[in-house]
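Okay, structure04.pdb is below, PDB, C-alpha atoms:
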```
ATOM      1  CA  MET P   1       5.891 -14.902   7.423  1.00  0.00           C
ATOM      2  CA  ASN P   2       3.182 -15.959   9.821  1.00  0.00           C
ATOM      3  CA  ASP P   3       3.692 -19.063  11.914  1.00  0.00           C
ATOM      4  CA  ARG P   4       0.218 -18.881  13.466  1.00  0.00           C
ATOM      5  CA  ASN P   5      -2.933 -20.140  11.853  1.00  0.00           C
ATOM      6  CA  SER P   6      -4.727 -16.800  11.774  1.00  0.00           C
ATOM      7  CA  GLY P   7      -6.549 -17.269   8.506  1.00  0.00           C
ATOM      8  CA  PRO P   8      -6.391 -18.961   5.117  1.00  0.00           C
ATOM      9  CA  PRO P   9      -2.981 -19.215   3.443  1.00  0.00           C
ATOM     10  CA  ARG P  10      -2.263 -16.286   1.116  1.00  0.00           C
ATOM     11  CA  CYS P  11       0.157 -15.743  -1.741  1.00  0.00           C
ATOM     12  CA  GLU P  12       3.170 -13.835  -0.398  1.00  0.00           C
ATOM     13  CA  ALA P  13       3.330 -11.849  -3.650  1.00  0.00           C
ATOM     14  CA  CYS P  14      -0.212 -10.580  -4.174  1.00  0.00           C
ATOM     15  CA  GLY P  15      -2.113 -11.574  -1.027  1.00  0.00           C
ATOM     16  CA  GLU P  16      -4.650 -13.763  -2.843  1.00  0.00           C
ATOM     17  CA  GLU P  17      -6.001 -16.730  -0.862  1.00  0.00           C
ATOM     18  CA  THR P  18      -4.372 -20.038  -1.843  1.00  0.00           C
ATOM     19  CA  ASP P  19      -5.144 -23.659  -1.080  1.00  0.00           C
ATOM     20  CA  GLY P  20      -1.712 -24.060   0.580  1.00  0.00           C
ATOM     21  CA  ASN P  21      -0.892 -27.119  -1.540  1.00  0.00           C
ATOM     22  CA  GLY P  22       1.955 -25.617  -3.553  1.00  0.00           C
ATOM     23  CA  GLY P  23       1.960 -24.869  -7.254  1.00  0.00           C
ATOM     24  CA  SER P  24       1.196 -21.379  -8.548  1.00  0.00           C
ATOM     25  CA  CYS P  25      -1.006 -18.564  -7.336  1.00  0.00           C
ATOM     26  CA  GLY P  26      -4.190 -18.454  -9.389  1.00  0.00           C
ATOM     27  CA  GLU P  27      -4.162 -14.639  -9.337  1.00  0.00           C
ATOM     28  CA  CYS P  28      -0.565 -13.634 -10.124  1.00  0.00           C
ATOM     29  CA  GLY P  29       1.140 -16.912 -11.089  1.00  0.00           C
ATOM     30  CA  SER P  30       3.804 -16.678  -8.374  1.00  0.00           C
ATOM     31  CA  PRO P  31       5.091 -19.961  -6.979  1.00  0.00           C
ATOM     32  CA  VAL P  32       3.268 -20.999  -3.803  1.00  0.00           C
ATOM     33  CA  SER P  33       4.963 -23.323  -1.339  1.00  0.00           C
ATOM     34  CA  GLU P  34       3.100 -25.981   0.600  1.00  0.00           C
ATOM     35  CA  SER P  35       4.226 -24.259   3.783  1.00  0.00           C
ATOM     36  CA  MET P  36       2.827 -20.883   2.776  1.00  0.00           C
ATOM     37  CA  PRO P  37       2.057 -19.003   5.963  1.00  0.00           C
ATOM     38  CA  ALA P  38      -1.436 -17.953   6.923  1.00  0.00           C
ATOM     39  CA  ALA P  39      -2.503 -14.364   6.457  1.00  0.00           C
ATOM     40  CA  PRO P  40      -1.250 -11.979   9.143  1.00  0.00           C
ATOM     41  CA  GLU P  41      -3.643 -10.461  11.601  1.00  0.00           C
ATOM     42  CA  PRO P  42      -4.929  -7.032  10.603  1.00  0.00           C
ATOM     43  CA  ARG P  43      -2.647  -4.159  11.538  1.00  0.00           C
ATOM     44  CA  ARG P  44      -3.720  -1.887  14.349  1.00  0.00           C
ATOM     45  CA  LEU P  45      -4.653   1.532  13.039  1.00  0.00           C
ATOM     46  CA  ASP P  46      -4.782   4.836  14.912  1.00  0.00           C
ATOM     47  CA  SER P  47      -8.061   6.610  15.542  1.00  0.00           C
ATOM     48  CA  LEU P  48      -8.737   9.869  13.766  1.00  0.00           C
ATOM     49  CA  THR P  49      -8.036  12.983  15.815  1.00  0.00           C
ATOM     50  CA  ALA P  50      -9.836  16.321  15.904  1.00  0.00           C
ATOM     51  CA  ASP P  51      -7.177  17.625  13.479  1.00  0.00           C
ATOM     52  CA  ASP P  52      -7.951  14.971  10.859  1.00  0.00           C
ATOM     53  CA  PRO P  53     -10.574  15.594   8.189  1.00  0.00           C
ATOM     54  CA  SER P  54     -13.632  13.336   8.232  1.00  0.00           C
ATOM     55  CA  SER P  55     -13.612  13.023   4.447  1.00  0.00           C
ATOM     56  CA  VAL P  56     -11.402  13.669   1.433  1.00  0.00           C
ATOM     57  CA  GLY P  57     -13.095  14.005  -1.932  1.00  0.00           C
ATOM     58  CA  PRO P  58     -15.757  11.265  -2.072  1.00  0.00           C
ATOM     59  CA  TYR P  59     -13.944   9.168   0.562  1.00  0.00           C
ATOM     60  CA  ARG P  60     -14.968   8.990   4.234  1.00  0.00           C
ATOM     61  CA  LEU P  61     -11.987   8.527   6.521  1.00  0.00           C
ATOM     62  CA  ALA P  62     -12.063   5.733   9.101  1.00  0.00           C
ATOM     63  CA  ALA P  63      -8.585   5.592  10.682  1.00  0.00           C
ATOM     64  CA  ARG P  64      -5.040   6.857  10.375  1.00  0.00           C
ATOM     65  CA  ILE P  65      -2.587   4.380   8.848  1.00  0.00           C
ATOM     66  CA  GLY P  66       0.520   6.517   9.205  1.00  0.00           C
ATOM     67  CA  VAL P  67       2.308   9.826   8.919  1.00  0.00           C
ATOM     68  CA  GLY P  68       5.138  10.494   6.493  1.00  0.00           C
ATOM     69  CA  GLY P  69       7.244  13.294   5.115  1.00  0.00           C
ATOM     70  CA  MET P  70       4.724  14.036   2.365  1.00  0.00           C
ATOM     71  CA  GLY P  71       1.568  13.814   4.450  1.00  0.00           C
ATOM     72  CA  ASN P  72      -0.853  11.590   6.311  1.00  0.00           C
ATOM     73  CA  VAL P  73      -2.202   8.263   5.091  1.00  0.00           C
ATOM     74  CA  TYR P  74      -5.706   7.195   6.067  1.00  0.00           C
ATOM     75  CA  LEU P  75      -7.902   4.147   5.734  1.00  0.00           C
ATOM     76  CA  ALA P  76     -10.993   5.359   3.922  1.00  0.00           C
ATOM     77  CA  TYR P  77     -14.066   4.059   2.144  1.00  0.00           C
ATOM     78  CA  GLY P  78     -15.234   5.334  -1.218  1.00  0.00           C
ATOM     79  CA  PRO P  79     -18.692   5.509  -2.749  1.00  0.00           C
ATOM     80  CA  ASP P  80     -18.369   1.794  -3.622  1.00  0.00           C
ATOM     81  CA  ASP P  81     -17.527   0.967   0.056  1.00  0.00           C
ATOM     82  CA  ARG P  82     -14.202  -0.608  -0.926  1.00  0.00           C
ATOM     83  CA  PRO P  83     -11.361   0.258   1.459  1.00  0.00           C
ATOM     84  CA  ALA P  84      -8.685   2.599   0.140  1.00  0.00           C
ATOM     85  CA  ALA P  85      -5.476   4.113   1.456  1.00  0.00           C
ATOM     86  CA  ILE P  86      -5.707   7.894   1.017  1.00  0.00           C
ATOM     87  CA  LYS P  87      -2.538   9.966   1.103  1.00  0.00           C
ATOM     88  CA  VAL P  88      -3.291  13.607   1.903  1.00  0.00           C
ATOM     89  CA  VAL P  89      -0.437  15.979   1.092  1.00  0.00           C
ATOM     90  CA  LYS P  90       0.817  18.312   3.830  1.00  0.00           C
ATOM     91  CA  SER P  91      -0.503  21.836   3.317  1.00  0.00           C
ATOM     92  CA  ASP P  92       2.983  23.390   3.230  1.00  0.00           C
ATOM     93  CA  LEU P  93       3.895  21.141   0.270  1.00  0.00           C
ATOM     94  CA  SER P  94       0.507  21.416  -1.410  1.00  0.00           C
ATOM     95  CA  GLY P  95       0.940  25.195  -1.446  1.00  0.00           C
ATOM     96  CA  GLN P  96       4.141  25.047  -3.521  1.00  0.00           C
ATOM     97  CA  PRO P  97       3.532  25.408  -7.284  1.00  0.00           C
ATOM     98  CA  GLU P  98       6.555  23.208  -8.157  1.00  0.00           C
ATOM     99  CA  PHE P  99       5.320  20.455  -5.851  1.00  0.00           C
ATOM    100  CA  ARG P 100       1.782  20.653  -7.238  1.00  0.00           C
ATOM    101  CA  SER P 101       3.103  20.233 -10.794  1.00  0.00           C
ATOM    102  CA  ARG P 102       5.308  17.287  -9.815  1.00  0.00           C
ATOM    103  CA  PHE P 103       2.432  15.650  -7.906  1.00  0.00           C
ATOM    104  CA  ALA P 104       0.144  15.960 -10.950  1.00  0.00           C
ATOM    105  CA  ARG P 105       2.833  14.392 -13.208  1.00  0.00           C
ATOM    106  CA  GLU P 106       3.421  11.567 -10.732  1.00  0.00           C
ATOM    107  CA  VAL P 107      -0.293  10.803 -10.423  1.00  0.00           C
ATOM    108  CA  ARG P 108      -0.544  10.522 -14.223  1.00  0.00           C
ATOM    109  CA  ALA P 109       2.470   8.192 -14.311  1.00  0.00           C
ATOM    110  CA  MET P 110       1.219   6.126 -11.356  1.00  0.00           C
ATOM    111  CA  ARG P 111      -2.092   5.497 -13.122  1.00  0.00           C
ATOM    112  CA  SER P 112      -0.154   3.774 -15.927  1.00  0.00           C
ATOM    113  CA  ILE P 113       1.408   1.140 -13.626  1.00  0.00           C
ATOM    114  CA  GLN P 114      -0.120  -2.261 -14.322  1.00  0.00           C
ATOM    115  CA  SER P 115       1.316  -4.900 -12.003  1.00  0.00           C
ATOM    116  CA  PRO P 116      -0.030  -7.344  -9.438  1.00  0.00           C
ATOM    117  CA  PHE P 117       2.967  -6.242  -7.344  1.00  0.00           C
ATOM    118  CA  ALA P 118       2.054  -2.544  -7.151  1.00  0.00           C
ATOM    119  CA  VAL P 119      -1.073  -1.012  -5.637  1.00  0.00           C
ATOM    120  CA  GLU P 120      -3.841   0.222  -7.921  1.00  0.00           C
ATOM    121  CA  ILE P 121      -4.421   3.965  -8.070  1.00  0.00           C
ATOM    122  CA  ARG P 122      -8.161   4.420  -7.605  1.00  0.00           C
ATOM    123  CA  ASP P 123      -8.603   8.169  -7.597  1.00  0.00           C
ATOM    124  CA  ALA P 124      -6.726  11.443  -7.085  1.00  0.00           C
ATOM    125  CA  ASP P 125      -7.244  15.166  -7.046  1.00  0.00           C
ATOM    126  CA  ASP P 126      -4.162  17.156  -7.954  1.00  0.00           C
ATOM    127  CA  LYS P 127      -6.151  20.419  -8.087  1.00  0.00           C
ATOM    128  CA  SER P 128      -7.616  20.334  -4.561  1.00  0.00           C
ATOM    129  CA  ASP P 129      -6.020  21.943  -1.556  1.00  0.00           C
ATOM    130  CA  PRO P 130      -4.564  19.816  -0.162  1.00  0.00           C
ATOM    131  CA  GLN P 131      -3.900  17.355  -2.952  1.00  0.00           C
ATOM    132  CA  TRP P 132      -4.667  13.685  -2.358  1.00  0.00           C
ATOM    133  CA  ILE P 133      -4.403  10.267  -3.923  1.00  0.00           C
ATOM    134  CA  ALA P 134      -6.506   7.160  -3.230  1.00  0.00           C
ATOM    135  CA  MET P 135      -4.794   3.804  -3.591  1.00  0.00           C
ATOM    136  CA  GLU P 136      -5.801   0.199  -3.150  1.00  0.00           C
ATOM    137  CA  TYR P 137      -5.676  -0.680   0.559  1.00  0.00           C
ATOM    138  CA  VAL P 138      -3.611  -3.773   1.336  1.00  0.00           C
ATOM    139  CA  ALA P 139      -4.372  -5.115   4.807  1.00  0.00           C
ATOM    140  CA  GLY P 140      -1.705  -6.913   6.773  1.00  0.00           C
ATOM    141  CA  GLU P 141       1.644  -6.372   8.319  1.00  0.00           C
ATOM    142  CA  ASN P 142       4.726  -4.841   6.744  1.00  0.00           C
ATOM    143  CA  LEU P 143       8.071  -6.635   6.482  1.00  0.00           C
ATOM    144  CA  ALA P 144       9.500  -5.045   9.642  1.00  0.00           C
ATOM    145  CA  GLU P 145       6.476  -6.175  11.688  1.00  0.00           C
ATOM    146  CA  ALA P 146       6.619  -9.710  10.258  1.00  0.00           C
ATOM    147  CA  VAL P 147      10.313 -10.106  11.076  1.00  0.00           C
ATOM    148  CA  GLN P 148       9.856  -8.654  14.543  1.00  0.00           C
ATOM    149  CA  ARG P 149       6.981 -11.055  15.242  1.00  0.00           C
ATOM    150  CA  SER P 150       8.324 -14.236  13.628  1.00  0.00           C
ATOM    151  CA  GLY P 151      12.064 -13.731  13.266  1.00  0.00           C
ATOM    152  CA  PRO P 152      14.129 -13.924  10.079  1.00  0.00           C
ATOM    153  CA  LEU P 153      12.432 -15.101   6.913  1.00  0.00           C
ATOM    154  CA  GLU P 154      13.150 -18.561   5.548  1.00  0.00           C
ATOM    155  CA  PRO P 155      15.300 -18.613   2.359  1.00  0.00           C
ATOM    156  CA  GLU P 156      12.291 -19.538   0.182  1.00  0.00           C
ATOM    157  CA  GLN P 157      10.317 -16.623   1.621  1.00  0.00           C
ATOM    158  CA  VAL P 158      13.220 -14.245   0.945  1.00  0.00           C
ATOM    159  CA  ARG P 159      13.475 -15.413  -2.689  1.00  0.00           C
ATOM    160  CA  HIS P 160       9.720 -15.069  -3.178  1.00  0.00           C
ATOM    161  CA  PHE P 161       9.609 -11.656  -1.508  1.00  0.00           C
ATOM    162  CA  ALA P 162      12.642 -10.358  -3.440  1.00  0.00           C
ATOM    163  CA  ALA P 163      11.262 -11.533  -6.798  1.00  0.00           C
ATOM    164  CA  SER P 164       7.879  -9.901  -6.114  1.00  0.00           C
ATOM    165  CA  LEU P 165       9.505  -6.693  -4.900  1.00  0.00           C
ATOM    166  CA  ALA P 166      11.767  -6.536  -7.964  1.00  0.00           C
ATOM    167  CA  GLU P 167       8.794  -7.012 -10.287  1.00  0.00           C
ATOM    168  CA  GLY P 168       6.816  -4.258  -8.552  1.00  0.00           C
ATOM    169  CA  ILE P 169       9.738  -1.811  -8.539  1.00  0.00           C
ATOM    170  CA  GLY P 170      10.412  -2.683 -12.191  1.00  0.00           C
ATOM    171  CA  ALA P 171       6.822  -1.750 -13.098  1.00  0.00           C
ATOM    172  CA  ILE P 172       7.188   1.522 -11.192  1.00  0.00           C
ATOM    173  CA  HIS P 173      10.448   2.325 -13.009  1.00  0.00           C
ATOM    174  CA  GLN P 174       8.865   1.501 -16.387  1.00  0.00           C
ATOM    175  CA  ALA P 175       6.304   4.213 -15.630  1.00  0.00           C
ATOM    176  CA  GLY P 176       9.178   6.677 -15.172  1.00  0.00           C
ATOM    177  CA  LEU P 177       8.868   6.858 -11.398  1.00  0.00           C
ATOM    178  CA  VAL P 178      11.175   6.183  -8.471  1.00  0.00           C
ATOM    179  CA  HIS P 179       9.778   4.923  -5.158  1.00  0.00           C
ATOM    180  CA  ARG P 180      11.339   7.395  -2.735  1.00  0.00           C
ATOM    181  CA  ASP P 181      10.286   5.700   0.482  1.00  0.00           C
ATOM    182  CA  LEU P 182      11.083   2.020   0.079  1.00  0.00           C
ATOM    183  CA  LYS P 183      11.803   0.482   3.495  1.00  0.00           C
ATOM    184  CA  PRO P 184      10.773  -2.566   5.560  1.00  0.00           C
ATOM    185  CA  SER P 185       8.247  -0.534   7.556  1.00  0.00           C
ATOM    186  CA  ASN P 186       6.260   0.438   4.434  1.00  0.00           C
TER     187      ASN P 186
END
```

Would you write out, as structure tokens, the structure that this file holds?
Amino acid sequence: MNDRNSGPPRCEACGEETDGNGGSCGECGSPVSESMPAAPEPRRLDSLTADDPSSVGPYRLAARIGVGGMGNVYLAYGPDDRPAAIKVVKSDLSGQPEFRSRFAREVRAMRSIQSPFAVEIRDADDKSDPQWIAMEYVAGENLAEAVQRSGPLEPEQVRHFAASLAEGIGAIHQAGLVHRDLKPSN
């Protein structure tokens, strides 16, 4: 998806660095084309505002990734200094007993997902107010940004992307969950 040489080639499926010589990804086994694009430039994140917390659980917040219907998502660093994406639930939702129960069930189910095509759940607190979940942070651009920057994907890229997406969504469904916000900008 990237026609500029902005870094080492990466597997389109899992993001692992590749040698760019074709074959299979050493991490996830996905086919890698010889014309695999270089890694995208890091996405621009928004600065924290006075309304944002400086930390959530053991995580110190560094920037705002986005805002959604369920809450805010932040780039944060845990005690191990690995980057994480922290979703902090909106207080009006976090205050609803039905939502709190559903969130706790979903966190348990999400922890069972084992796929190179779905982010790792690192930590969560379904008892705090507000509730939060820490996920593996995946740097890079989303599909909408890639298409806007480089134009339509090549057929091989579409096949590779679709196969990886289907595998990830399949793993999510096997855990009894439905991804309710699947779109090119995520």

Can you list, as an mmCIF file with C-alpha atoms, in the coordinates of the input, every protein, DNA or RNA residue that comes within 10 Å of Ala63 of chain P when you count all atoms listed in the file, leaving out same-chain residues fewer than 6 positions away?
```cif
data_model
loop_
_atom_site.group_PDB
_atom_site.id
_atom_site.type_symbol
_atom_site.label_atom_id
_atom_site.label_comp_id
_atom_site.auth_asym_id
_atom_site.auth_seq_id
_atom_site.Cartn_x
_atom_site.Cartn_y
_atom_site.Cartn_z
ATOM 1 C CA ARG P 44 -3.720 -1.887 14.349
ATOM 2 C CA LEU P 45 -4.653 1.532 13.039
ATOM 3 C CA ASP P 46 -4.782 4.836 14.912
ATOM 4 C CA SER P 47 -8.061 6.610 15.542
ATOM 5 C CA LEU P 48 -8.737 9.869 13.766
ATOM 6 C CA THR P 49 -8.036 12.983 15.815
ATOM 7 C CA ASP P 52 -7.951 14.971 10.859
ATOM 8 C CA SER P 54 -13.632 13.336 8.232
ATOM 9 C CA VAL P 73 -2.202 8.263 5.091
ATOM 10 C CA TYR P 74 -5.706 7.195 6.067
ATOM 11 C CA LEU P 75 -7.902 4.147 5.734
ATOM 12 C CA ALA P 76 -10.993 5.359 3.922
ATOM 13 C CA ALA P 85 -5.476 4.113 1.456
#
```

- Task: Run the PyMOL selection byres ((chain P and resi 91) around 10) against the file shown and list the residues it catches, as a list in words.
- Result: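 This file gives the following for the PyMOL selection byres ((chain P and resi 91) around 10): Met70, Gly71, Val88, Val89, Lys90, Asp92, Leu93, Ser94, Gly95, Gln96, Asp129, Pro130 and Gln131 of chain P.
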
- Message: Could you list, as a VMD selection string, every residue within 10 Å of Ile133 of chain P, counting all atoms listed in the file and ignoring same-chain residues fewer than 2 positions away?
- Response: chain P and resid 56 to 57 73 84 to 89 103 107 121 to 126 131 135

- So what do you get for atom CA of Ser185 of chain P versus atom CA of Glu167 of chain P, distance-wise?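 Between these atoms lies a distance of 19.0 Å.
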
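Of the listed residues (P:Val178, P:Leu61, P:Ile113, P:Val67), P:Leu61 comes nearest to Pro79 of chain P; the distances count all atoms listed in the file.
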
- Item | Nearest to Ala118 of chain P by atom-to-atom distance, counting all atoms listed in the file, from P:His179, P:Arg82, P:Arg149, P:Arg102 |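 Ranking P:His179, P:Arg82, P:Arg149, P:Arg102 by distance to Ala118 of chain P, first place goes to P:His179.
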
Let me have the centre and edge lengths in Å, one decimal, of the box along x, y and z around every listed atom of segment 121-140 of chain P with 5 Å of margin on each side, as AutoDock Vina command-line options.
```
--center_x -5.2 --center_y 7.5 --center_z -0.7 --size_x 16.9 --size_y 38.9 --size_z 24.9
```

- 10 Å contact set for Gln114 of chain P, all atoms listed in the file, chain neighbours under 6 positions out, as a PyMOL selection string: chain P and resi 120-121+168+171-172+174-175

Could you write those residues out with C-alpha atoms, as a PDB file, keeping the file's coordinate frame?
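Result file follows (result.pdb):
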```pdb
ATOM      1  CA  GLU P 120      -3.841   0.222  -7.921  1.00  0.00           C
ATOM      2  CA  ILE P 121      -4.421   3.965  -8.070  1.00  0.00           C
ATOM      3  CA  GLY P 168       6.816  -4.258  -8.552  1.00  0.00           C
ATOM      4  CA  ALA P 171       6.822  -1.750 -13.098  1.00  0.00           C
ATOM      5  CA  ILE P 172       7.188   1.522 -11.192  1.00  0.00           C
ATOM      6  CA  GLN P 174       8.865   1.501 -16.387  1.00  0.00           C
ATOM      7  CA  ALA P 175       6.304   4.213 -15.630  1.00  0.00           C
TER       8      ALA P 175
END
```

- Selected residue, from P:Pro97, P:Gly170, P:Pro184, P:Pro83, that lies nearest to Val147 of chain P when counting all atoms listed in the file: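 Going through P:Pro97, P:Gly170, P:Pro184, P:Pro83 one by one, the smallest distance to Val147 of chain P is for P:Pro184.
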
- Task: In Å, rounded to a single decimal, give me how far atom CA of Arg60 of chain P is from atom CA of Asn72 of chain P.
- Result: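 Pair atom CA of Asn72 of chain P / atom CA of Arg60 of chain P returns 14.5 Å.
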
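Counting from atom CA of Gly66 of chain P, the distance to atom CA of Tyr137 of chain P is 12.8 Å.
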
- Across P:Arg159, P:Gly151, P:Leu182, P:Leu177, the smallest distance to Arg111 of chain P, with only C-alpha atoms counted, is shown by P:Leu177

Export of segment 79-89 of chain P: all heavy atoms, as a PDB file, in the first residue's frame:
```
ATOM      1  N   PRO P  79       4.010  -0.511  32.269  1.00  0.00           N
ATOM      2  CA  PRO P  79       5.192  -0.676  33.121  1.00  0.00           C
ATOM      3  C   PRO P  79       6.384  -1.268  32.374  1.00  0.00           C
ATOM      4  O   PRO P  79       7.532  -1.019  32.731  1.00  0.00           O
ATOM      5  CB  PRO P  79       4.713  -1.636  34.215  1.00  0.00           C
ATOM      6  CG  PRO P  79       3.228  -1.518  34.216  1.00  0.00           C
ATOM      7  CD  PRO P  79       2.833  -1.188  32.794  1.00  0.00           C
ATOM      8  N   ASP P  80       6.112  -2.045  31.308  1.00  0.00           N
ATOM      9  CA  ASP P  80       7.185  -2.641  30.508  1.00  0.00           C
ATOM     10  C   ASP P  80       7.661  -1.720  29.381  1.00  0.00           C
ATOM     11  O   ASP P  80       8.507  -2.100  28.587  1.00  0.00           O
ATOM     12  CB  ASP P  80       6.729  -3.984  29.934  1.00  0.00           C
ATOM     13  CG  ASP P  80       5.502  -3.854  29.028  1.00  0.00           C
ATOM     14  OD1 ASP P  80       5.011  -2.715  28.802  1.00  0.00           O
ATOM     15  OD2 ASP P  80       5.016  -4.892  28.546  1.00  0.00           O
ATOM     16  N   ASP P  81       7.083  -0.506  29.293  1.00  0.00           N
ATOM     17  CA  ASP P  81       7.417   0.500  28.271  1.00  0.00           C
ATOM     18  C   ASP P  81       7.038   0.096  26.849  1.00  0.00           C
ATOM     19  O   ASP P  81       7.437   0.757  25.895  1.00  0.00           O
ATOM     20  CB  ASP P  81       8.893   0.913  28.320  1.00  0.00           C
ATOM     21  CG  ASP P  81       9.165   1.888  29.449  1.00  0.00           C
ATOM     22  OD1 ASP P  81       8.248   2.655  29.805  1.00  0.00           O
ATOM     23  OD2 ASP P  81      10.284   1.879  29.991  1.00  0.00           O
ATOM     24  N   ARG P  82       6.254  -0.962  26.694  1.00  0.00           N
ATOM     25  CA  ARG P  82       5.738  -1.292  25.361  1.00  0.00           C
ATOM     26  C   ARG P  82       4.540  -0.399  25.070  1.00  0.00           C
ATOM     27  O   ARG P  82       3.721  -0.142  25.952  1.00  0.00           O
ATOM     28  CB  ARG P  82       5.289  -2.752  25.284  1.00  0.00           C
ATOM     29  CG  ARG P  82       6.414  -3.749  25.340  1.00  0.00           C
ATOM     30  CD  ARG P  82       5.968  -5.153  24.995  1.00  0.00           C
ATOM     31  NE  ARG P  82       4.798  -5.558  25.757  1.00  0.00           N
ATOM     32  CZ  ARG P  82       4.038  -6.614  25.466  1.00  0.00           C
ATOM     33  NH1 ARG P  82       4.314  -7.358  24.431  1.00  0.00           N
ATOM     34  NH2 ARG P  82       3.003  -6.915  26.212  1.00  0.00           N
ATOM     35  N   PRO P  83       4.401   0.060  23.821  1.00  0.00           N
ATOM     36  CA  PRO P  83       3.235   0.886  23.490  1.00  0.00           C
ATOM     37  C   PRO P  83       1.960   0.049  23.496  1.00  0.00           C
ATOM     38  O   PRO P  83       1.978  -1.141  23.172  1.00  0.00           O
ATOM     39  CB  PRO P  83       3.546   1.409  22.088  1.00  0.00           C
ATOM     40  CG  PRO P  83       4.488   0.403  21.509  1.00  0.00           C
ATOM     41  CD  PRO P  83       5.279  -0.143  22.670  1.00  0.00           C
ATOM     42  N   ALA P  84       0.876   0.671  23.886  1.00  0.00           N
ATOM     43  CA  ALA P  84      -0.430   0.011  23.909  1.00  0.00           C
ATOM     44  C   ALA P  84      -1.488   1.021  23.460  1.00  0.00           C
ATOM     45  O   ALA P  84      -1.306   2.227  23.603  1.00  0.00           O
ATOM     46  CB  ALA P  84      -0.754  -0.486  25.319  1.00  0.00           C
ATOM     47  N   ALA P  85      -2.559   0.505  22.905  1.00  0.00           N
ATOM     48  CA  ALA P  85      -3.729   1.325  22.600  1.00  0.00           C
ATOM     49  C   ALA P  85      -4.713   1.093  23.741  1.00  0.00           C
ATOM     50  O   ALA P  85      -5.124  -0.046  23.989  1.00  0.00           O
ATOM     51  CB  ALA P  85      -4.348   0.918  21.267  1.00  0.00           C
ATOM     52  N   ILE P  86      -5.062   2.155  24.453  1.00  0.00           N
ATOM     53  CA  ILE P  86      -5.965   2.055  25.601  1.00  0.00           C
ATOM     54  C   ILE P  86      -7.311   2.657  25.222  1.00  0.00           C
ATOM     55  O   ILE P  86      -7.374   3.825  24.850  1.00  0.00           O
ATOM     56  CB  ILE P  86      -5.428   2.844  26.820  1.00  0.00           C
ATOM     57  CG1 ILE P  86      -4.003   2.454  27.144  1.00  0.00           C
ATOM     58  CG2 ILE P  86      -6.363   2.699  28.014  1.00  0.00           C
ATOM     59  CD1 ILE P  86      -3.851   1.137  27.810  1.00  0.00           C
ATOM     60  N   LYS P  87      -8.353   1.856  25.311  1.00  0.00           N
ATOM     61  CA  LYS P  87      -9.705   2.373  25.092  1.00  0.00           C
ATOM     62  C   LYS P  87     -10.321   2.636  26.460  1.00  0.00           C
ATOM     63  O   LYS P  87     -10.413   1.728  27.293  1.00  0.00           O
ATOM     64  CB  LYS P  87     -10.560   1.379  24.320  1.00  0.00           C
ATOM     65  CG  LYS P  87     -11.962   1.900  24.032  1.00  0.00           C
ATOM     66  CD  LYS P  87     -12.784   0.926  23.217  1.00  0.00           C
ATOM     67  CE  LYS P  87     -12.350   0.988  21.778  1.00  0.00           C
ATOM     68  NZ  LYS P  87     -13.222   0.215  20.888  1.00  0.00           N
ATOM     69  N   VAL P  88     -10.710   3.897  26.679  1.00  0.00           N
ATOM     70  CA  VAL P  88     -11.327   4.298  27.943  1.00  0.00           C
ATOM     71  C   VAL P  88     -12.807   4.554  27.658  1.00  0.00           C
ATOM     72  O   VAL P  88     -13.159   5.389  26.823  1.00  0.00           O
ATOM     73  CB  VAL P  88     -10.664   5.568  28.514  1.00  0.00           C
ATOM     74  CG1 VAL P  88     -11.338   5.984  29.816  1.00  0.00           C
ATOM     75  CG2 VAL P  88      -9.169   5.328  28.741  1.00  0.00           C
ATOM     76  N   VAL P  89     -13.655   3.823  28.344  1.00  0.00           N
ATOM     77  CA  VAL P  89     -15.099   3.891  28.119  1.00  0.00           C
ATOM     78  C   VAL P  89     -15.659   5.237  28.585  1.00  0.00           C
ATOM     79  O   VAL P  89     -15.261   5.751  29.639  1.00  0.00           O
ATOM     80  CB  VAL P  89     -15.800   2.724  28.852  1.00  0.00           C
ATOM     81  CG1 VAL P  89     -17.309   2.819  28.730  1.00  0.00           C
ATOM     82  CG2 VAL P  89     -15.293   1.388  28.317  1.00  0.00           C
TER      83      VAL P  89
END
```
